[in-house]
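For reference, the structure is listed below as structure tokens.
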Amino acid sequence: MSKLLDNPVWHALRGPQSEFAEGAAGGAALRFRRAVSIFTAVDRVDAAAWDAQAELVGAEGMAFLFRDRVPGPPSGWKEAFRIPTLQLVARNLAPTPEVPVVRLGEDDVEEMLALTKLTEPGPFLRRTHELGRYVGIRHGGRLVAMAGERFRLPGWTEISAVCTHPDARRKGLGAALSLWVAGHIREQGSEAFLHVVETNHTALRLYESIGFTLRRKLDVVGAQWMGPTAMPGGRA
């Protein structure tokens, strides 16, 4: 299994999604452009990496790490939250049901933002849809379900923003869209992976039932730099 998946944001920003990257300290810390995604990334979580992130986010700025185990941040940082998260990879996928899938893009952003705000599948910003292919299902002209591609790294693409309006749940739309996106990823020569909050047992059972397998646990950690504008080591 590819070790790239242990640090997906870093390898996305250093690879296929480098066009969305902003960096500091010679690229020791990276983040997505702010309207695209909240996440930051470092190669190793050590003192130098925390310094680079402090330079990247600035005074009272937030770093959002999404990777294998993240130790508690050092002095000068305040941990805001920590979310243990499970990473799953596609294996023997179930057949994709016939569903009326529509491609989503710039003209659908307001509806996508409204649906993700209501259902909270994870952070979704105004330009998140630019990271990959996003698709949805409409009922009576209204967007009632969606899913898409977020992190892309060599050989792998993440399925994200899988959500269904409360009025349209229990119809298998989330599973159908996940399988549709996973199939599209395979057609492009990559493999699908996705993430589930550890305590979301319902989602975990759903994804396992359609052919995803648990790979490992990751940490999603938000930390705020509480130090001065001048960075450690005298950098301004």
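Identifiers for the structure tokens are assigned positionally: chains receive A, B, ... in sequence, residues are indexed from 1 per chain, and ligands are indexed from 1 in the order shown.
In the backbone-derived DSSP annotation, alpha helix (DSSP H) within region 26-62 of chain A comprises Ala47, Ala48, Ala49, Trp50, Asp51, Ala52, Gln53, Ala54, Glu55, Leu56 and Val57 of chain A.
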Worksheet item: region 89-215 of chain A: which residues are strand (DSSP E or B) by DSSP, as JSON, numbers by chain?
Response: {"A": [89, 90, 101, 102, 103, 104, 134, 135, 136, 137, 138, 139, 142, 143, 144, 145, 146, 147, 148, 149, 150, 151, 152, 153, 156, 157, 158, 159, 160, 161, 162, 163, 164, 191, 192, 193, 194, 195, 196, 197, 212, 213, 214, 215]}
Could you please take those selected residues and save C-alpha atoms as a PDB file, in the first residue's frame?
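File out-v2.pdb, as written:
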```
ATOM      1  CA  VAL A  89      -9.387   2.471   0.101  1.00  0.00           C
ATOM      2  CA  ALA A  90     -11.440   0.981  -2.718  1.00  0.00           C
ATOM      3  CA  VAL A 101     -25.895  11.994 -12.275  1.00  0.00           C
ATOM      4  CA  VAL A 102     -25.211  15.587 -13.344  1.00  0.00           C
ATOM      5  CA  ARG A 103     -21.831  17.332 -13.497  1.00  0.00           C
ATOM      6  CA  LEU A 104     -21.475  20.227 -11.042  1.00  0.00           C
ATOM      7  CA  TYR A 134     -17.982  16.938  -8.615  1.00  0.00           C
ATOM      8  CA  VAL A 135     -21.315  15.373  -9.457  1.00  0.00           C
ATOM      9  CA  GLY A 136     -24.792  15.460  -8.018  1.00  0.00           C
ATOM     10  CA  ILE A 137     -28.372  14.325  -8.217  1.00  0.00           C
ATOM     11  CA  ARG A 138     -31.252  16.754  -8.649  1.00  0.00           C
ATOM     12  CA  HIS A 139     -34.879  16.202  -7.753  1.00  0.00           C
ATOM     13  CA  ARG A 142     -33.065  21.006  -6.558  1.00  0.00           C
ATOM     14  CA  LEU A 143     -29.633  19.583  -5.702  1.00  0.00           C
ATOM     15  CA  VAL A 144     -30.324  16.809  -3.173  1.00  0.00           C
ATOM     16  CA  ALA A 145     -27.063  14.831  -3.174  1.00  0.00           C
ATOM     17  CA  MET A 146     -23.446  15.319  -4.246  1.00  0.00           C
ATOM     18  CA  ALA A 147     -19.945  13.864  -4.113  1.00  0.00           C
ATOM     19  CA  GLY A 148     -16.628  14.647  -5.710  1.00  0.00           C
ATOM     20  CA  GLU A 149     -12.857  14.432  -5.854  1.00  0.00           C
ATOM     21  CA  ARG A 150     -10.682  16.424  -3.437  1.00  0.00           C
ATOM     22  CA  PHE A 151      -7.060  15.358  -2.791  1.00  0.00           C
ATOM     23  CA  ARG A 152      -5.233  13.993  -5.839  1.00  0.00           C
ATOM     24  CA  LEU A 153      -1.804  12.397  -5.516  1.00  0.00           C
ATOM     25  CA  TRP A 156      -4.759   8.016  -5.856  1.00  0.00           C
ATOM     26  CA  THR A 157      -7.782  10.330  -5.742  1.00  0.00           C
ATOM     27  CA  GLU A 158      -9.889  11.036  -2.669  1.00  0.00           C
ATOM     28  CA  ILE A 159     -13.682  10.929  -2.690  1.00  0.00           C
ATOM     29  CA  SER A 160     -15.060  13.788  -0.606  1.00  0.00           C
ATOM     30  CA  ALA A 161     -18.118  15.966   0.132  1.00  0.00           C
ATOM     31  CA  VAL A 162     -20.446  12.971   0.000  1.00  0.00           C
ATOM     32  CA  CYS A 163     -23.734  14.345   1.308  1.00  0.00           C
ATOM     33  CA  THR A 164     -27.497  14.027   0.913  1.00  0.00           C
ATOM     34  CA  GLU A 191      -7.626   4.297  -7.245  1.00  0.00           C
ATOM     35  CA  ALA A 192     -10.139   5.846  -4.855  1.00  0.00           C
ATOM     36  CA  PHE A 193      -9.742   6.475  -1.154  1.00  0.00           C
ATOM     37  CA  LEU A 194     -11.844   8.372   1.360  1.00  0.00           C
ATOM     38  CA  HIS A 195     -12.033   9.394   4.999  1.00  0.00           C
ATOM     39  CA  VAL A 196     -14.596   8.893   7.761  1.00  0.00           C
ATOM     40  CA  VAL A 197     -14.578  10.382  11.254  1.00  0.00           C
ATOM     41  CA  PHE A 212     -14.047   0.009   0.684  1.00  0.00           C
ATOM     42  CA  THR A 213     -11.516  -1.397   3.156  1.00  0.00           C
ATOM     43  CA  LEU A 214     -10.078   0.243   6.240  1.00  0.00           C
ATOM     44  CA  ARG A 215      -6.409   1.147   5.748  1.00  0.00           C
TER      45      ARG A 215
END
```
Discussion item. I'd like to know which of A:Arg31, A:Arg126, A:Arg67, A:His165 is closest to Ala52 (chain A), using only C-alpha atoms.
Written reply: A:Arg31
Discussion item. Under the rule that only C-alpha atoms are counted, which of A:Leu113, A:Gly172, A:Phe66, A:Arg133 is the nearest residue to Ile83 (chain A)?
Written reply: A:Phe66
Practice prompt. Tell me which of A:Leu204, A:Val221, A:Val42, A:Ala80 sits closest to Phe64 (chain A), counting only C-alpha atoms.
Written response: A:Val221
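Between His184 (chain A) and the candidates A:Gly122, A:Pro8, A:Gly15, A:Gly132, the tightest atom-to-atom separation, counting only C-alpha atoms, involves A:Gly132.
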Fill in: Best match for closeness to Met226 (chain A) among A:Gly174, A:Gly58, A:Gly155, A:Pro84, counting only C-alpha atoms
A:Gly58
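As for CA of Val57 (chain A) and CA of Trp225 (chain A), they are spaced 7.6 Å apart.
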Worksheet item: What's the 7 Å shell around Ala63 (chain A), counting only C-alpha atoms, without same-chain residues fewer than 2 positions away, as a PyMOL selection string?
Response: chain A and resi 40+53+57+61+65+222-224
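CA of Ala176 (chain A) is positioned 13.5 Å from CA of Glu208 (chain A).
With only C-alpha atoms as the atoms that count, the residue of A:Glu60, A:Asp219, A:Ala168, A:Ser75 with the shortest distance to Gly140 (chain A) is A:Ala168.
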Per residue of region 54-163 of chain A within 10 Å of region 19-22 of chain A, which atom pair is closest and at what distance in Å (one decimal), using only C-alpha atoms, listed by chain and increasing number, as a Markdown table?
```
| residue | atom | partner | partner_atom | distance |
| --- | --- | --- | --- | --- |
| A:Leu56 | CA | A:Glu22 | CA | 8.4 |
| A:Glu130 | CA | A:Phe20 | CA | 9.4 |
| A:Leu131 | CA | A:Phe20 | CA | 8.4 |
```
Export of the given selection (C-alpha atoms) as a JSON list (two decimals), in the first residue's frame:
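Writing done, so here's out_33.json:
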```
[["chain", "number", "residue", "atom", "x", "y", "z"],
["A", 56, "LEU", "CA", 3.02, 30.35, 6.60],
["A", 130, "GLU", "CA", -11.94, 23.10, -8.78],
["A", 131, "LEU", "CA", -9.94, 20.27, -7.20]]
```
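Using only C-alpha atoms, the contacts of Asp46 (chain A) at a cut-off of 12 Å, with sequence neighbours closer than 6 positions omitted, comprise A:Ala28, A:Ala29, A:Ala52, A:Gln53, A:Arg69, A:Val70, A:Pro71, A:Gly72, A:Pro73, A:Pro74.
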Fill in: One-decimal distance in Å that lies between CA of Ala59 (chain A) and CA of Phe32 (chain A)
18.2 Å
Discussion item. Need the shell around Tyr207 (chain A): protein/DNA/RNA residues with any atom at most 9 Å away, counting only C-alpha atoms. Skip same-chain ones fewer than 4 positions apart. Format as a PyMOL selection string?
Written reply: chain A and resi 88+175+178+202-203+211-213
Selected residues written out with N, CA and C atoms, as a PDB file, in the first residue's frame:
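Here's the written file selection.pdb:
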```
ATOM      1  N   LEU A  88     -10.048   4.831   4.257  1.00  0.00           N
ATOM      2  CA  LEU A  88     -10.458   3.615   3.561  1.00  0.00           C
ATOM      3  C   LEU A  88     -10.038   3.700   2.109  1.00  0.00           C
ATOM      4  N   ALA A 175     -24.317   6.397  -1.439  1.00  0.00           N
ATOM      5  CA  ALA A 175     -23.584   5.212  -1.882  1.00  0.00           C
ATOM      6  C   ALA A 175     -23.458   5.187  -3.395  1.00  0.00           C
ATOM      7  N   SER A 178     -20.911   7.780  -4.510  1.00  0.00           N
ATOM      8  CA  SER A 178     -19.559   7.338  -4.151  1.00  0.00           C
ATOM      9  C   SER A 178     -19.045   6.299  -5.136  1.00  0.00           C
ATOM     10  N   THR A 202     -21.974   4.630  11.259  1.00  0.00           N
ATOM     11  CA  THR A 202     -22.932   4.411  10.164  1.00  0.00           C
ATOM     12  C   THR A 202     -22.253   4.572   8.815  1.00  0.00           C
ATOM     13  N   ALA A 203     -21.473   5.662   8.651  1.00  0.00           N
ATOM     14  CA  ALA A 203     -20.772   5.882   7.386  1.00  0.00           C
ATOM     15  C   ALA A 203     -19.738   4.795   7.141  1.00  0.00           C
ATOM     16  N   GLY A 211     -17.632  -1.852  -0.730  1.00  0.00           N
ATOM     17  CA  GLY A 211     -16.355  -2.321  -1.249  1.00  0.00           C
ATOM     18  C   GLY A 211     -15.125  -1.551  -0.836  1.00  0.00           C
ATOM     19  N   PHE A 212     -15.222  -0.684   0.165  1.00  0.00           N
ATOM     20  CA  PHE A 212     -14.047   0.009   0.684  1.00  0.00           C
ATOM     21  C   PHE A 212     -13.509  -0.736   1.906  1.00  0.00           C
ATOM     22  N   THR A 213     -12.184  -0.687   2.073  1.00  0.00           N
ATOM     23  CA  THR A 213     -11.516  -1.397   3.156  1.00  0.00           C
ATOM     24  C   THR A 213     -10.730  -0.417   4.012  1.00  0.00           C
TER      25      THR A 213
END
```
